[in-house]
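What follows is the content of final-v7.tsv (TSV, C-alpha atoms).
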```tsv
chain	number	residue	atom	x	y	z
A	130	MET	CA	-1.68	3.87	6.45
A	131	TYR	CA	-5.10	3.78	4.85
A	132	ARG	CA	-7.55	5.88	2.89
A	133	ILE	CA	-11.31	6.05	3.35
A	134	TYR	CA	-13.95	6.53	0.66
A	135	ASP	CA	-17.45	7.80	1.47
A	136	LYS	CA	-19.89	6.08	-0.90
A	137	ASP	CA	-22.75	8.43	0.04
A	138	GLN	CA	-20.79	11.62	-0.70
A	139	GLN	CA	-18.74	9.92	-3.45
A	140	ARG	CA	-15.45	11.36	-2.26
A	141	TRP	CA	-12.32	10.47	-0.33
A	142	ARG	CA	-12.48	11.52	3.32
A	143	LYS	CA	-9.25	12.78	4.88
A	144	ASP	CA	-11.07	13.88	8.04
A	145	ILE	CA	-12.01	10.35	9.14
A	146	THR	CA	-9.72	8.23	11.26
A	147	ILE	CA	-9.78	4.71	12.66
A	148	LEU	CA	-9.75	4.58	16.46
A	149	GLN	CA	-7.91	1.92	18.48
A	150	ASP	CA	-11.08	-0.15	18.85
A	151	GLY	CA	-11.57	-0.14	15.06
A	152	ALA	CA	-14.44	2.36	15.10
A	153	LEU	CA	-14.47	5.25	12.63
A	154	ALA	CA	-14.53	8.85	13.84
A	155	VAL	CA	-14.27	12.39	12.54
A	156	ILE	CA	-11.70	14.51	14.34
A	157	THR	CA	-12.04	18.27	14.02
A	158	LYS	CA	-10.03	21.10	15.50
A	159	GLY	CA	-12.16	23.39	17.61
A	160	MET	CA	-11.61	26.57	19.54
A	161	PHE	CA	-8.44	27.05	21.55
A	162	ASN	CA	-6.73	24.25	19.59
A	163	LYS	CA	-8.89	21.60	21.22
A	164	TYR	CA	-9.96	18.62	19.17
A	165	ARG	CA	-13.44	17.13	18.94
A	166	ILE	CA	-13.97	13.45	18.22
A	167	ARG	CA	-17.32	12.43	16.77
A	168	ALA	CA	-17.95	8.73	16.38
A	169	LEU	CA	-19.51	7.57	13.12
A	170	TRP	CA	-22.17	5.09	14.10
A	171	ASP	CA	-23.14	4.16	10.56
A	172	GLU	CA	-19.99	2.67	9.04
A	173	GLU	CA	-21.85	1.26	6.04
A	174	PRO	CA	-21.08	4.05	3.54
A	175	TYR	CA	-17.33	4.02	4.25
A	176	VAL	CA	-14.78	1.81	2.51
A	177	ILE	CA	-11.29	1.47	3.97
A	178	HIS	CA	-8.40	0.79	1.60
A	179	ASN	CA	-5.20	-0.25	3.33
A	180	GLU	CA	-1.77	0.65	2.02
A	181	THR	CA	0.05	-2.45	0.79
A	182	GLY	CA	3.55	-1.30	1.76
A	183	PHE	CA	4.63	-1.30	-1.89
A	184	HIS	CA	5.30	1.55	-4.32
A	185	ASP	CA	4.73	1.39	-8.07
A	186	LYS	CA	7.39	2.14	-10.67
A	187	HIS	CA	6.57	5.87	-10.43
A	188	GLY	CA	6.98	5.96	-6.64
A	189	HIS	CA	3.23	6.08	-5.85
A	190	LYS	CA	1.99	4.15	-2.83
A	191	ILE	CA	-0.12	1.14	-3.77
A	192	PHE	CA	-3.43	0.77	-1.90
A	193	GLU	CA	-6.15	-1.85	-1.92
A	194	GLY	CA	-8.63	-0.93	-4.64
A	195	ASP	CA	-6.01	0.57	-6.95
A	196	ILE	CA	-6.26	-0.22	-10.63
A	197	CYS	CA	-2.86	-1.24	-11.97
A	198	LYS	CA	-1.18	-2.04	-15.23
A	199	THR	CA	1.66	-4.55	-15.43
A	200	PRO	CA	3.35	-6.39	-18.30
A	201	LYS	CA	0.87	-9.27	-17.68
A	202	VAL	CA	-2.29	-7.38	-16.64
A	203	GLU	CA	-4.01	-4.47	-18.41
A	204	ASN	CA	-6.42	-3.40	-15.63
A	205	GLY	CA	-5.78	-5.39	-12.46
A	206	ILE	CA	-7.29	-4.53	-9.09
A	207	VAL	CA	-5.20	-4.64	-5.92
A	208	GLY	CA	-6.64	-6.58	-3.00
A	209	TYR	CA	-5.66	-8.86	-0.17
A	210	GLY	CA	-5.57	-12.54	-1.11
A	211	GLU	CA	-6.47	-14.40	2.07
A	212	PRO	CA	-5.62	-17.89	0.74
A	213	VAL	CA	-2.06	-16.77	-0.05
A	214	ASP	CA	-1.85	-14.24	2.85
A	215	ALA	CA	-0.47	-11.51	0.60
A	216	TYR	CA	-1.48	-8.47	-1.43
A	217	CYS	CA	-2.25	-9.40	-5.02
A	218	ILE	CA	-3.27	-7.91	-8.34
A	219	PHE	CA	-6.46	-9.59	-9.46
A	220	ASP	CA	-6.96	-9.98	-13.20
A	221	TYR	CA	-10.69	-10.63	-13.37
A	222	ASP	CA	-10.70	-10.73	-17.19
A	223	ASN	CA	-8.52	-13.85	-17.17
A	224	ASP	CA	-9.50	-15.25	-13.74
A	225	MET	CA	-5.91	-14.93	-12.44
A	226	TYR	CA	-4.08	-13.22	-9.61
A	227	TYR	CA	-0.46	-12.20	-9.11
A	228	ILE	CA	1.18	-11.79	-5.71
A	229	ILE	CA	2.84	-8.38	-5.28
A	230	THR	CA	6.48	-8.60	-4.22
A	231	ASP	CA	9.24	-5.99	-4.00
A	232	GLU	CA	10.70	-7.42	-7.19
A	233	HIS	CA	7.43	-7.18	-9.14
A	234	ALA	CA	6.35	-3.79	-7.73
A	235	GLU	CA	8.83	-2.03	-10.02
A	236	ASP	CA	6.78	-3.29	-13.01
A	237	ILE	CA	3.45	-2.02	-11.61
A	238	ALA	CA	1.89	1.30	-12.63
A	239	VAL	CA	-1.09	2.59	-10.62
A	240	ILE	CA	-3.51	4.05	-13.17
A	241	GLY	CA	-6.57	4.69	-11.00
A	242	ASN	CA	-8.77	3.14	-8.35
A	243	VAL	CA	-12.10	1.37	-8.13
A	244	PHE	CA	-14.02	4.53	-7.17
A	245	ASP	CA	-12.45	7.13	-9.47
A	246	GLY	CA	-11.79	4.78	-12.39
A	247	VAL	CA	-8.74	4.88	-14.66
A	248	MET	CA	-7.25	8.35	-14.31
A	249	ILE	CA	-3.79	8.16	-15.85
A	250	ASP	CA	-2.77	7.54	-19.43
A	251	ILE	CA	0.36	5.43	-18.93
A	252	ASP	CA	1.79	6.21	-22.36
A	253	GLU	CA	1.46	9.95	-21.68
A	254	GLN	CA	3.02	9.56	-18.22
A	255	GLU	CA	5.96	7.61	-19.67
A	256	ASP	CA	6.53	10.33	-22.32
A	257	ASN	CA	6.69	13.03	-19.65
A	258	ARG	CA	9.52	11.39	-17.69
```

Representation of the structure as C-alpha cells:
Amino acid sequence: MYRIYDKDQQRWRKDITILQDGALAVITKGMFNKYRIRALWDEEPYVIHNETGFHDKHGHKIFEGDICKTPKVENGIVGYGEPVDAYCIFDYDNDMYYIITDEHAEDIAVIGNVFDGVMIDIDEQEDNR
C-alpha cells in the first residue's frame, strides 16, 4: 500500500494509482460503470510514500514520511534506510537513526507527516484512551 501527495495542489491524492510499469495514472469511473485511465506524464509534483508494514501503538499504519515520537526520538521521520535495508526513524536533530522492528513499533506514535506537519498532541491522545 502507498499514499501519494500532490505538491502542486498541496493535498493527498486518493484518485492516483501506480500502474504495473511504475507509471502514475488517474482512474475515474465514467458512464455505464466503465473506467477511464489517464496517464500522468509529469510525475514531478507527486511524492509516493510506501507503507512500512508496521503499525504504531495506536494501531495506525506507519508510512514513509510520517513524523513519529518514541521514547528516544521527539520528532523522527520515517524513511527507508538503504544501507541497512530496513525502514527507520531518522532523528535529524541528533544525527541518528533507529531501525523499526515489530518489537519497537509498539513504542512508536505517529504524530503527523512531512507535508501536513505535526497534527496530533500525544498527551491529549493518551488522555482520551

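Proximity of A:Arg132, A:His187, A:Lys201, A:Lys163 to Tyr175 of chain A, computed with all atoms listed in the file, is greatest for A:Arg132.
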
Problem set entry | Exercise: Gly151 of chain A partners within 12 Å, only C-alpha atoms, chain neighbours under 6 positions left out, as a VMD selection string | chain A and resid 168 to 170 172 177

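Residue nearest Asn242 of chain A, chosen from A:Thr199, A:Gln149, A:Asn204, A:Gln138 and counting only C-alpha atoms: A:Asn204.
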
Problem set entry | Residue contacts of His184 of chain A (8 Å, all atoms listed in the file) excluding same-chain residues fewer than 6 positions away, as a ChimeraX atom specification | /A:190-191,234-235

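Separating atom CA of Asp150 of chain A from atom CA of Arg167 of chain A is a distance of 14.2 Å.
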
Exercise. Which is closer to Cys197 of chain A than all the others in A:Asp220, A:Asp231, A:Asp171, A:Glu211, using all atoms listed in the file?
Worked result: A:Asp220

For this session: Pick out the residues sitting within 12 Å of Glu232 of chain A, and hand them over as a list in words; count all atoms listed in the file, and ignore anything fewer than 3 positions along from it in its own chain.
Result: Phe183, His184, Asp185, Lys186, Ile228, Ile229, Glu235, Asp236 and Ile237 of chain A

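Here atom CA of Glu173 of chain A and atom CA of Met130 of chain A stand 20.3 Å from one another.
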
Problem set entry | 10 Å contact set for Leu148 of chain A, only C-alpha atoms, chain neighbours under 5 positions out, as a VMD selection string | chain A and resid 153 to 155 166 168

Can I get the selected residues back with C-alpha atoms, as a compact mmCIF listing (two decimals), in the frame of the given file?
```txt
# COMPACT_ATOMS: atom_id res chain seq x y z
CA LEU A 153 -14.47 5.25 12.63
CA ALA A 154 -14.53 8.85 13.84
CA VAL A 155 -14.27 12.39 12.54
CA ILE A 166 -13.97 13.45 18.22
CA ALA A 168 -17.95 8.73 16.38
```

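Polymer residues near (-1.6, -0.5, -1.5): counting all atoms listed in the file with a cut-off of 9 Å, they are A:Tyr131, A:His178, A:Asn179, A:Glu180, A:Thr181, A:Gly182, A:Phe183, A:His184, A:Lys190, A:Ile191, A:Phe192, A:Glu193, A:Gly194, A:Asp195, A:Val207, A:Gly208, A:Tyr216.
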
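Reported to one decimal place, the separation of atom CA of Val176 of chain A from atom CA of Lys143 of chain A is 12.5 Å.
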
For this session: Just the residues within 10 Å of Asp245 of chain A, please, counting only C-alpha atoms, with nothing from its chain fewer than 2 positions along; format it as a VMD selection string.
Result: chain A and resid 139 to 141 195 to 196 241 to 243 247 to 248

For this session: Have a look at A:Lys136, A:Phe244, A:Ala215, A:Tyr209 and name the one nearest to Thr230 of chain A; count all atoms listed in the file.
Result: A:Ala215

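Considering all atoms listed in the file, the residue among A:Thr146, A:Asn223, A:Asn162, A:Thr157 positioned nearest to Tyr134 of chain A is A:Thr146.
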